[in-house]
>>> print(open('final-v5.csv').read())   # CSV, C-alpha atoms
chain,number,residue,atom,x,y,z
A,1,MET,CA,30.5,26.2,45.9
A,2,SER,CA,27.6,24.0,47.0
A,3,ALA,CA,27.2,20.4,46.2
A,4,GLU,CA,24.2,21.2,44.0
A,5,ASP,CA,26.2,23.6,41.9
A,6,MET,CA,29.0,21.1,41.5
A,7,GLY,CA,26.4,18.5,40.4
A,8,ASP,CA,25.1,20.9,37.7
A,9,ARG,CA,28.5,21.6,36.4
A,10,GLU,CA,29.3,17.9,36.2
A,11,ASN,CA,26.0,17.3,34.3
A,12,ASN,CA,26.8,20.1,31.9
A,13,PHE,CA,30.3,18.7,31.3
A,14,HIS,CA,29.0,15.2,30.4
A,15,GLN,CA,26.2,16.7,28.3
A,16,ASN,CA,28.8,18.7,26.2
A,17,ASN,CA,31.5,16.2,26.1
A,18,SER,CA,29.8,12.8,25.9
A,19,PRO,CA,28.3,12.0,22.5
A,20,ASN,CA,26.8,8.9,23.9
A,21,ARG,CA,24.7,10.9,26.3
A,22,GLY,CA,24.1,14.1,24.3
A,23,LEU,CA,23.6,12.6,20.8
A,24,LEU,CA,23.0,8.9,21.0
A,25,GLY,CA,20.4,9.4,23.7
A,26,SER,CA,18.5,11.7,21.4
A,27,GLY,CA,18.3,9.4,18.4
A,28,TRP,CA,21.6,10.0,16.6
A,29,ARG,CA,23.7,7.0,15.6
A,30,PRO,CA,27.4,6.6,14.8
A,31,PHE,CA,28.0,7.2,11.1
A,32,TYR,CA,29.7,4.4,9.3
A,33,ARG,CA,30.8,4.9,5.7
A,34,GLN,CA,29.2,2.3,3.5
A,35,PHE,CA,30.7,0.7,0.4
A,36,ASP,CA,29.2,1.9,-2.8
A,37,TRP,CA,30.0,0.3,-6.2
A,38,GLU,CA,29.0,3.5,-8.0
A,39,HIS,CA,31.5,5.5,-6.1
A,40,VAL,CA,34.2,3.0,-6.8
A,41,VAL,CA,33.4,2.9,-10.5
A,42,HIS,CA,33.5,6.8,-10.5
A,43,LEU,CA,37.0,6.6,-8.9
A,44,ALA,CA,38.1,4.0,-11.4
A,45,SER,CA,36.9,6.1,-14.4
A,46,SER,CA,38.2,9.5,-13.2
A,47,ASP,CA,41.6,8.5,-11.8
A,48,PRO,CA,42.4,4.7,-12.2
A,49,LEU,CA,46.1,5.2,-11.5
A,50,GLU,CA,45.5,6.7,-8.0
A,51,LEU,CA,42.9,4.0,-7.2
A,52,ALA,CA,45.4,1.3,-8.1
A,53,GLN,CA,48.2,2.9,-6.1
A,54,LYS,CA,46.0,3.3,-3.0
A,55,THR,CA,44.7,-0.3,-3.3
A,56,LEU,CA,48.2,-1.7,-3.7
A,57,GLY,CA,49.4,0.5,-0.8
A,58,ALA,CA,46.6,-0.9,1.5
A,59,ALA,CA,47.4,-4.5,0.5
A,60,SER,CA,51.1,-3.8,1.1
A,61,ASP,CA,50.3,-2.5,4.6
A,62,ILE,CA,48.3,-5.6,5.5
A,63,ALA,CA,51.0,-7.9,4.0
A,64,ASP,CA,53.7,-6.1,6.1
A,65,ALA,CA,51.6,-6.5,9.2
A,66,MET,CA,51.0,-10.3,8.7
A,67,GLY,CA,54.4,-11.2,7.2
A,68,ARG,CA,56.7,-10.6,10.2
A,69,HIS,CA,58.9,-13.7,10.7
A,70,GLN,CA,60.0,-13.0,14.2
A,71,TYR,CA,56.4,-13.3,15.5
A,72,THR,CA,53.9,-16.1,15.6
A,73,TRP,CA,50.9,-16.3,13.2
A,74,TRP,CA,48.4,-15.2,15.8
A,75,ALA,CA,50.6,-12.2,16.8
A,76,ASN,CA,50.7,-11.1,13.1
A,77,ILE,CA,46.9,-11.3,12.9
A,78,LEU,CA,46.6,-9.1,16.0
A,79,ASN,CA,49.0,-6.7,14.4
A,80,VAL,CA,46.5,-6.1,11.7
A,81,PHE,CA,44.3,-4.4,14.3
A,82,SER,CA,47.1,-2.3,15.7
A,83,GLU,CA,46.8,1.5,15.7
A,84,ASN,CA,49.2,2.1,12.8
A,85,THR,CA,47.7,-0.6,10.6
A,86,ARG,CA,44.2,0.5,11.3
A,87,TYR,CA,45.1,4.1,10.4
A,88,GLU,CA,46.3,3.0,7.0
A,89,ILE,CA,43.3,0.8,6.4
A,90,ASP,CA,40.8,3.5,7.6
A,91,GLU,CA,42.5,6.0,5.3
A,92,PHE,CA,42.0,3.6,2.3
A,93,TRP,CA,38.4,2.9,3.4
A,94,ASP,CA,37.7,6.7,3.5
A,95,TYR,CA,39.0,7.0,0.0
A,96,ILE,CA,36.9,4.2,-1.6
A,97,THR,CA,33.6,5.1,0.2
A,98,PRO,CA,31.5,8.2,-0.2
A,99,GLN,CA,32.0,11.1,2.3
A,100,PRO,CA,29.4,12.2,4.7
A,101,VAL,CA,26.9,14.9,3.5
A,102,TYR,CA,28.6,18.3,3.1
A,103,PRO,CA,27.1,21.4,1.4
A,104,ASP,CA,28.4,22.3,-2.0
A,105,TYR,CA,29.9,25.7,-1.3
A,106,ARG,CA,30.4,26.5,-5.0
A,107,TYR,CA,26.8,27.7,-5.3
A,108,LYS,CA,26.2,31.3,-4.5
A,109,ASP,CA,22.5,31.1,-3.6
A,110,VAL,CA,22.9,31.3,0.2
A,111,LEU,CA,20.4,32.3,2.8
A,112,VAL,CA,21.5,32.6,6.5
A,113,THR,CA,19.6,33.2,9.7
A,114,GLU,CA,20.6,33.1,13.3
A,115,THR,CA,17.9,32.1,15.8
A,116,PRO,CA,16.4,33.2,18.0
A,117,VAL,CA,16.3,36.7,16.5
A,118,VAL,CA,17.0,39.2,19.3
A,119,GLN,CA,15.6,42.7,19.3
A,120,LEU,CA,17.9,45.4,20.6
A,121,VAL,CA,15.6,48.0,22.2
A,122,SER,CA,16.6,51.6,21.7
A,123,ARG,CA,14.7,54.9,21.8
A,124,ALA,CA,16.9,56.4,19.2
A,125,SER,CA,16.1,54.0,16.4
A,126,ILE,CA,13.3,51.8,15.2
A,127,PRO,CA,13.8,48.0,15.0
A,128,ILE,CA,14.4,47.8,11.2
A,129,ASP,CA,17.2,45.3,11.5
A,130,TYR,CA,15.1,43.1,13.9
A,131,VAL,CA,12.1,43.0,11.6
A,132,LEU,CA,14.2,42.3,8.5
A,133,ASN,CA,16.1,39.6,10.4
A,134,LYS,CA,12.8,38.1,11.5
A,135,LEU,CA,11.6,38.1,7.9
A,136,GLN,CA,14.7,36.3,6.9
A,137,GLU,CA,14.3,33.8,9.7
A,138,ILE,CA,10.7,33.2,8.6
A,139,THR,CA,11.8,32.7,5.0
A,140,VAL,CA,14.5,30.2,5.9
A,141,PHE,CA,12.1,28.0,7.9
A,142,LYS,CA,9.3,28.3,5.3
A,143,VAL,CA,11.8,27.1,2.7
A,144,LEU,CA,12.8,24.2,4.9
A,145,ASP,CA,9.1,23.3,5.3
A,146,LEU,CA,8.8,23.3,1.5
A,147,LEU,CA,11.8,21.0,1.2
A,148,GLY,CA,10.3,18.5,3.6
A,149,LYS,CA,12.3,15.7,5.1
A,150,PRO,CA,16.0,15.6,3.9
A,151,ASP,CA,17.6,12.7,2.2
A,152,ALA,CA,20.4,12.5,4.8
A,153,ILE,CA,21.2,14.2,8.1
A,154,THR,CA,24.7,14.0,9.6
A,155,GLN,CA,26.5,15.7,12.4
A,156,SER,CA,30.2,16.3,13.1
A,157,PHE,CA,31.1,16.5,16.8
A,158,MET,CA,34.4,15.9,18.7
A,159,GLU,CA,36.0,14.5,15.5
A,160,ARG,CA,33.3,11.9,15.2
A,161,HIS,CA,30.5,11.6,12.7
A,162,PHE,CA,26.9,10.7,13.5
A,163,SER,CA,23.7,10.2,11.4
A,164,TYR,CA,20.1,10.8,12.1
A,165,PRO,CA,17.4,8.6,10.5
A,166,PRO,CA,15.4,10.8,8.1
A,167,GLU,CA,12.3,8.8,8.8
A,168,ARG,CA,12.5,9.8,12.5
A,169,PHE,CA,12.9,13.5,11.7
A,170,VAL,CA,10.2,15.8,13.1
A,171,SER,CA,11.5,19.4,13.2
A,172,TRP,CA,14.8,21.3,13.2
A,173,GLU,CA,14.1,22.9,16.5
A,174,ARG,CA,13.8,19.5,18.2
A,175,LEU,CA,17.0,18.1,16.6
A,176,GLU,CA,19.8,17.9,19.1
A,177,VAL,CA,22.8,19.9,17.9
A,178,LEU,CA,26.1,19.8,19.7
A,179,GLY,CA,28.5,20.2,16.8
A,180,THR,CA,27.7,21.0,13.1
A,181,VAL,CA,24.7,19.4,11.4
A,182,TYR,CA,24.5,18.9,7.6
A,183,ALA,CA,21.5,17.9,5.6
A,184,SER,CA,20.8,17.5,1.9
A,185,TRP,CA,17.9,17.3,-0.6
A,186,ALA,CA,19.2,15.8,-3.8
A,187,ARG,CA,16.0,16.5,-5.8
A,188,PHE,CA,16.1,20.2,-5.1
A,189,GLY,CA,19.9,20.6,-5.1
A,190,CYS,CA,19.9,22.1,-1.6
A,191,TRP,CA,22.0,21.7,1.5
A,192,LEU,CA,21.6,22.9,5.1
A,193,GLN,CA,24.3,23.6,7.6
A,194,ILE,CA,23.4,24.2,11.3
A,195,ASP,CA,26.1,25.6,13.7
A,196,SER,CA,25.4,25.6,17.4
A,197,TYR,CA,26.4,28.6,19.5
A,198,ASP,CA,26.3,29.4,23.2
A,199,ARG,CA,23.0,29.9,25.1
A,200,GLY,CA,21.0,27.8,22.6
A,201,ARG,CA,21.6,30.0,19.6
A,202,ARG,CA,21.9,28.4,16.2
A,203,CYS,CA,22.9,29.5,12.7
A,204,TYR,CA,21.1,28.0,9.7
A,205,THR,CA,22.9,28.3,6.4
A,206,LEU,CA,20.8,27.2,3.4
A,207,ILE,CA,22.7,26.6,0.1
A,208,CYS,CA,20.9,25.9,-3.1
A,209,GLN,CA,21.6,25.6,-6.8
A,210,ASP,CA,18.6,27.8,-7.5
A,211,ILE,CA,16.9,29.2,-4.4
A,212,ALA,CA,14.7,31.9,-6.0
A,213,PRO,CA,11.7,29.6,-6.7
A,214,LEU,CA,11.7,28.3,-3.2
A,215,VAL,CA,12.0,31.8,-1.7
A,216,SER,CA,9.1,33.0,-3.9
A,217,LYS,CA,6.9,30.2,-2.6
A,218,ALA,CA,8.0,30.7,1.0
A,219,THR,CA,7.3,34.5,1.0
A,220,TYR,CA,4.0,34.3,-0.8
A,221,ASN,CA,1.5,36.8,0.7
A,222,LEU,CA,4.1,38.1,3.2
A,223,ALA,CA,4.0,41.8,4.1
A,224,VAL,CA,6.3,43.9,6.4
A,225,ILE,CA,5.3,47.1,8.1
A,226,LEU,CA,8.2,49.2,9.3
A,227,GLY,CA,7.8,52.3,11.4
A,228,GLY,CA,8.4,54.1,14.6
A,229,TYR,CA,5.1,53.0,16.2
A,230,LYS,CA,4.6,49.5,14.8
A,231,SER,CA,6.8,47.0,13.0
A,232,ARG,CA,5.8,43.5,12.2
A,233,VAL,CA,5.8,40.7,9.6
A,234,GLY,CA,2.3,39.5,8.5
A,235,GLN,CA,0.0,39.3,5.6
A,236,VAL,CA,-1.4,41.9,3.3
A,237,HIS,CA,-4.9,43.2,4.3
A,238,SER,CA,-7.2,45.2,2.0
A,239,GLN,CA,-10.6,46.3,3.1
A,240,PHE,CA,-11.8,47.7,-0.2
A,241,PRO,CA,-11.5,45.7,-3.5
A,242,ILE,CA,-10.4,47.6,-6.7
A,243,ARG,CA,-13.9,47.2,-8.1
A,244,THR,CA,-15.3,49.5,-5.4
A,245,PHE,CA,-13.2,52.5,-6.7
A,246,SER,CA,-14.4,54.9,-9.3
A,247,ALA,CA,-14.2,54.1,-13.0
A,248,GLU,CA,-11.3,56.5,-13.5
A,249,VAL,CA,-9.3,54.9,-10.8
A,250,GLN,CA,-10.1,51.4,-12.1
A,251,SER,CA,-8.9,52.5,-15.6
A,252,PHE,CA,-5.7,53.9,-14.1
A,253,THR,CA,-5.2,50.6,-12.2
A,254,ASP,CA,-5.4,48.7,-15.4
A,255,THR,CA,-2.6,50.8,-16.9
A,256,VAL,CA,-0.5,50.3,-13.8
A,257,GLN,CA,-1.1,46.6,-13.8
A,258,GLN,CA,0.1,46.2,-17.4
A,259,ALA,CA,3.2,48.2,-16.5
A,260,ILE,CA,3.9,46.0,-13.6
A,261,LEU,CA,3.9,43.0,-16.0
A,262,ASP,CA,6.1,44.7,-18.5
A,263,LYS,CA,8.7,46.6,-16.4
A,264,ASN,CA,11.4,45.5,-13.9
A,265,GLN,CA,11.1,48.7,-12.0
A,266,LEU,CA,8.1,50.9,-11.7
A,267,ALA,CA,7.2,54.0,-9.6
A,268,VAL,CA,3.6,55.2,-9.2
A,269,LEU,CA,2.6,58.4,-7.4
A,270,VAL,CA,-1.1,59.2,-6.5
A,271,SER,CA,-2.1,62.4,-5.0
A,272,GLY,CA,-5.3,63.9,-3.6
A,273,GLU,CA,-7.0,65.4,-0.6
A,274,PRO,CA,-7.5,63.3,2.5
A,275,GLY,CA,-10.3,60.8,2.2
A,276,THR,CA,-10.0,60.2,-1.6
A,277,GLY,CA,-8.8,56.5,-1.0
A,278,LYS,CA,-5.1,56.8,-1.9
A,279,THR,CA,-3.9,54.5,0.9
A,280,ALA,CA,-6.8,52.1,0.4
A,281,TRP,CA,-5.9,51.9,-3.3
A,282,THR,CA,-2.3,51.0,-2.6
A,283,GLN,CA,-3.4,48.2,-0.3
A,284,ALA,CA,-5.9,46.9,-2.9
A,285,VAL,CA,-3.2,46.9,-5.6
A,286,ALA,CA,-0.8,45.1,-3.3
A,287,LYS,CA,-3.4,42.5,-2.4
A,288,GLU,CA,-5.0,41.8,-5.8
A,289,ILE,CA,-2.2,42.4,-8.3
A,290,LEU,CA,1.2,42.3,-6.6
A,291,VAL,CA,0.8,39.4,-4.1
A,292,PRO,CA,-0.5,37.0,-6.8
A,293,LEU,CA,2.7,37.9,-8.8
A,294,GLY,CA,4.9,36.9,-5.9
A,295,TYR,CA,5.8,40.4,-4.6
A,296,VAL,CA,6.7,40.9,-0.9
A,297,ILE,CA,5.1,44.1,0.4
A,298,PHE,CA,7.0,46.6,2.5
A,299,ILE,CA,5.0,49.5,4.0
A,300,LEU,CA,7.4,52.2,5.2
A,301,ASP,CA,6.8,55.3,7.3
A,302,HIS,CA,8.9,58.4,7.8
A,303,ASP,CA,11.3,56.8,10.2
A,304,ALA,CA,11.9,53.6,8.1
A,305,VAL,CA,12.4,55.2,4.7
A,306,GLU,CA,15.7,56.8,5.7
A,307,ASN,CA,17.4,53.5,6.6
A,308,PHE,CA,15.6,50.9,4.4
A,309,VAL,CA,17.5,48.8,1.8
A,310,PRO,CA,15.5,46.1,-0.2
A,311,PRO,CA,16.6,42.6,0.9
A,312,SER,CA,18.8,41.1,-1.8
A,313,TYR,CA,17.4,37.6,-1.5
A,314,LEU,CA,13.9,38.6,-2.6
A,315,GLU,CA,13.2,38.5,-6.4
A,316,ARG,CA,10.1,40.8,-6.3
A,317,ILE,CA,9.6,43.7,-3.9
A,318,CYS,CA,6.9,46.3,-3.5
A,319,ILE,CA,7.5,49.4,-1.4
A,320,ILE,CA,4.5,51.5,-0.2
A,321,ILE,CA,5.3,55.0,1.0
A,322,ASN,CA,2.4,57.0,2.3
A,323,GLU,CA,2.5,60.8,2.7
A,324,ALA,CA,5.5,61.1,0.4
A,325,ASP,CA,5.2,64.9,0.3
A,326,ASN,CA,6.4,64.9,3.9
A,327,LEU,CA,9.4,62.7,3.0
A,328,ALA,CA,10.7,63.7,-0.4
A,329,GLN,CA,10.4,67.5,0.3
A,330,ASP,CA,12.0,70.1,-1.9
A,331,ARG,CA,15.7,70.2,-0.9
A,332,SER,CA,15.8,73.9,-1.2
A,333,THR,CA,13.8,74.2,2.0
A,334,ALA,CA,15.6,74.3,5.4
A,335,GLU,CA,13.4,71.5,6.7
A,336,ALA,CA,14.4,69.0,3.9
A,337,GLN,CA,18.1,69.8,4.4
A,338,ARG,CA,18.0,68.5,8.0
A,339,THR,CA,17.5,64.9,6.8
A,340,ASN,CA,18.6,62.7,3.9
A,341,LYS,CA,15.1,61.2,3.3
A,342,THR,CA,14.7,62.9,-0.1
A,343,GLU,CA,18.0,61.5,-1.3
A,344,HIS,CA,17.1,58.1,0.0
A,345,ILE,CA,13.8,58.0,-1.9
A,346,LEU,CA,15.4,59.3,-5.1
A,347,SER,CA,18.1,56.6,-4.9
A,348,LEU,CA,15.3,54.0,-4.4
A,349,LEU,CA,13.6,55.2,-7.5
A,350,ASP,CA,16.8,55.3,-9.5
A,351,GLY,CA,17.9,51.9,-8.3
A,352,THR,CA,21.3,53.3,-7.3
A,353,LEU,CA,20.7,52.4,-3.7
A,354,TYR,CA,20.5,48.6,-4.2
A,355,GLN,CA,21.6,47.9,-7.8
A,356,SER,CA,24.8,50.0,-8.2
A,357,VAL,CA,26.9,46.8,-7.7
A,358,ILE,CA,25.2,43.4,-8.3
A,359,ASP,CA,26.1,39.9,-9.0
A,360,GLU,CA,24.8,39.1,-12.5
A,361,HIS,CA,24.4,35.4,-11.5
A,362,GLY,CA,22.4,36.2,-8.3
A,363,ILE,CA,18.8,36.9,-7.5
A,364,GLN,CA,19.4,40.7,-7.4
A,365,PHE,CA,20.2,40.7,-11.1
A,366,GLN,CA,16.6,39.6,-11.8
A,367,GLN,CA,15.0,41.7,-9.0
A,368,LYS,CA,11.8,43.6,-9.7
A,369,LEU,CA,10.8,46.6,-7.7
A,370,VAL,CA,7.4,48.5,-7.6
A,371,VAL,CA,7.1,51.7,-5.5
A,372,LEU,CA,3.7,53.0,-4.7
A,373,MET,CA,3.6,56.4,-3.2
A,374,THR,CA,0.7,58.7,-1.9
A,375,CYS,CA,0.7,62.3,-1.1
A,376,ASN,CA,-1.8,65.1,-0.4
A,377,THR,CA,-0.2,67.5,-2.9
A,378,THR,CA,2.8,67.4,-5.3
A,379,GLU,CA,3.7,71.1,-4.6
A,380,ARG,CA,6.1,70.2,-1.7
A,381,LEU,CA,7.8,67.4,-3.5
A,382,ASP,CA,11.4,67.8,-4.7
A,383,PRO,CA,11.4,68.6,-8.4
A,384,ALA,CA,13.9,65.9,-9.1
A,385,MET,CA,11.5,63.3,-7.9
A,386,LEU,CA,9.0,64.1,-10.7
A,387,ARG,CA,11.5,64.0,-13.5
A,388,LYS,CA,11.0,61.5,-16.3
A,389,GLY,CA,12.4,58.1,-15.4
A,390,ARG,CA,11.8,58.3,-11.7
A,391,VAL,CA,8.1,58.3,-11.5
A,392,ASP,CA,6.4,56.4,-14.3
A,393,PHE,CA,2.7,57.2,-13.6
A,394,THR,CA,0.9,59.9,-11.6
A,395,SER,CA,-2.8,60.3,-10.9
A,396,GLU,CA,-4.9,62.7,-8.9
A,397,PHE,CA,-7.7,61.1,-6.9
A,398,THR,CA,-10.6,63.6,-6.7
A,399,HIS,CA,-13.6,61.6,-5.7
A,400,LYS,CA,-14.3,61.2,-1.9
A,401,PHE,CA,-13.9,57.5,-1.1
A,402,VAL,CA,-16.4,56.0,1.4
>>> encode(input="final-v5.csv", output="C-alpha cells")
Amino acid sequence: MSAEDMGDRENNFHQNNSPNRGLLGSGWRPFYRQFDWEHVVHLASSDPLELAQKTLGAASDIADAMGRHQYTWWANILNVFSENTRYEIDEFWDYITPQPVYPDYRYKDVLVTETPVVQLVSRASIPIDYVLNKLQEITVFKVLDLLGKPDAITQSFMERHFSYPPERFVSWERLEVLGTVYASWARFGCWLQIDSYDRGRRCYTLICQDIAPLVSKATYNLAVILGGYKSRVGQVHSQFPIRTFSAEVQSFTDTVQQAILDKNQLAVLVSGEPGTGKTAWTQAVAKEILVPLGYVIFILDHDAVENFVPPSYLERICIIINEADNLAQDRSTAEAQRTNKTEHILSLLDGTLYQSVIDEHGIQFQQKLVVLMTCNTTERLDPAMLRKGRVDFTSEFTHKFV
C-alpha cells in the first residue's frame, strides 16, 4: 500500500471517528441540556414522589462524596467530580432537564425517502419504481421547503449529542450528517429524522400529526408520466383550453366537473375516431379542473398500467389512460388472456387494488380517485368494464378537433 493510500485511510478514519473534526468543524456544537422551570413544574405536577426521591438521592450522593472522615476536605471536594459521583449527578440532571429533540413516533403520518434515488436499468421492465420514488423524494423536500427553518436541530453521534443553530441553517443537503439528525417544527407538529448510510446515501423520515395538507401543497401541479418510452415527473401541460371544444363537449365537461366535486371515486370514458380531441380533452380537464382541486396527475401507457398502484400518501389522484380499448380488452379473446391488464384496470375502477385494506385514520381513508380513459371504439372493451358502478360517464366525441 502506497503512502498516499495510507494517508487517505487515515483522513477517512479521523473524519468518521472525530466529532471535533467532522461535526464541530462544520458548524455543529456540543449539546448541553438546559434547565427549564416549565419542565420541572411538569415533573412536579405529574409525579411529585419520583421527583422528590430523585432529588434526595442526588443530594445523598453528594453528601456521601463530601462526608468522608478519613480524607481531607479538599479531597472530598475532588471526590464530587469523580466518575461515580458525576454519573449519579448527570443521571439526575438528565431527569430534570428536557431531552434532546426526538420524533414522536406515535403519529402514523409518515413519509420516507432515500436519496439519491437510483434507477436500476433493465430492458425487461419500465422504471415505475424509480419514477414513483423520485416523486416521493420531490414531495418530501417540497414539504421541508414549506416547513422552513426548524425550531431545533440535533444530532446523535458516537454516544454524544450535538446541536446546530437554526439561524445558520441553509439546506438539508449541506448539513453534515455522520450519525442521526433530528429536527422539529412545533407550529406544524412535524419531526424529521435523517439517517446516514454508506456512499453518501441518506434516509429522510418525515413524521407529522397531520401531513395531508402539507403534501397537497407540495404536490400542487405535479404530474407523472409512466411508460416504456418516457417516464418523468413534471407539470401538467394542456395546449387547448376547454372553451375551444364543441358545445356538446363543454356541456359534458360541466357534468364531469360536478361529479368530481361530489364523488370520492369517478371513472370517465370518452370514445371517438382519431382526431376528435379525446387526449387533448383529458389534458384540459386535468389542467383546468383537477390540478386546482389538488389532484396529482398520472398518465399511464400500456406498460405502466399493468404494474401501477396509486401512492398511499397522496390524497387526490387522477389517472389518465389513453387507448383503453387496447388495454381492457374482452377477456374472451386469446390476446387479452395473455396479460392481466384488463383485471388491473377493473380493480382500479373498483377500488379493490388499493382500498381493500386501509387505515381509517390514514390519508388513504380520505383518498379521492378520478380515472379518465380514452378509446377509439368501445366494441373491443371487456363487457365487465362498462357495467354500472365501474364507469360513471361515457361520451362519444364526433367532431374533428383542430
>>> residues_near_point(input="final-v5.csv", point="(11.2, 39.9, 8.3)", cutoff="12 Å", atoms="only C-alpha atoms", output="MDAnalysis selection string")
chainID A and resid 113 117 127:141 219 222:226 231:235 296:298 310:311 313:314
>>> residues_around(input="final-v5.csv", residues="segment 78-91 of chain A", least_positions_apart="6", cutoff="8 Å", atoms="all atoms listed in the file", output="PyMOL selection string")
chain A and resi 58+61-62+65-66
>>> closest_residue(input="final-v5.csv", among="A:Ile289, A:Ile299, A:Leu144, A:Ala52", to="Gln257 of chain A", atoms="only C-alpha atoms")
A:Ile289
>>> atom_distance(input="final-v5.csv", atom1="atom CA of Leu348 of chain A", atom2="atom CA of Val309 of chain A")
8.4 Å
>>> residues_around(input="final-v5.csv", residues="segment 37-39 of chain A", least_positions_apart="4", cutoff="10 Å", atoms="only C-alpha atoms", output="number ranges by chain")
A: 43-45, 95-98
>>> atom_distance(input="final-v5.csv", atom1="atom CA of Pro274 of chain A", atom2="atom CA of Cys318 of chain A")
23.1 Å
>>> closest_residue(input="final-v5.csv", among="A:Phe92, A:Phe397, A:Tyr204, A:Tyr32", to="Trp281 of chain A", atoms="all atoms listed in the file")
A:Phe397
>>> atom_distance(input="final-v5.csv", atom1="atom CA of Tyr220 of chain A", atom2="atom CA of Phe188 of chain A")
19.1 Å
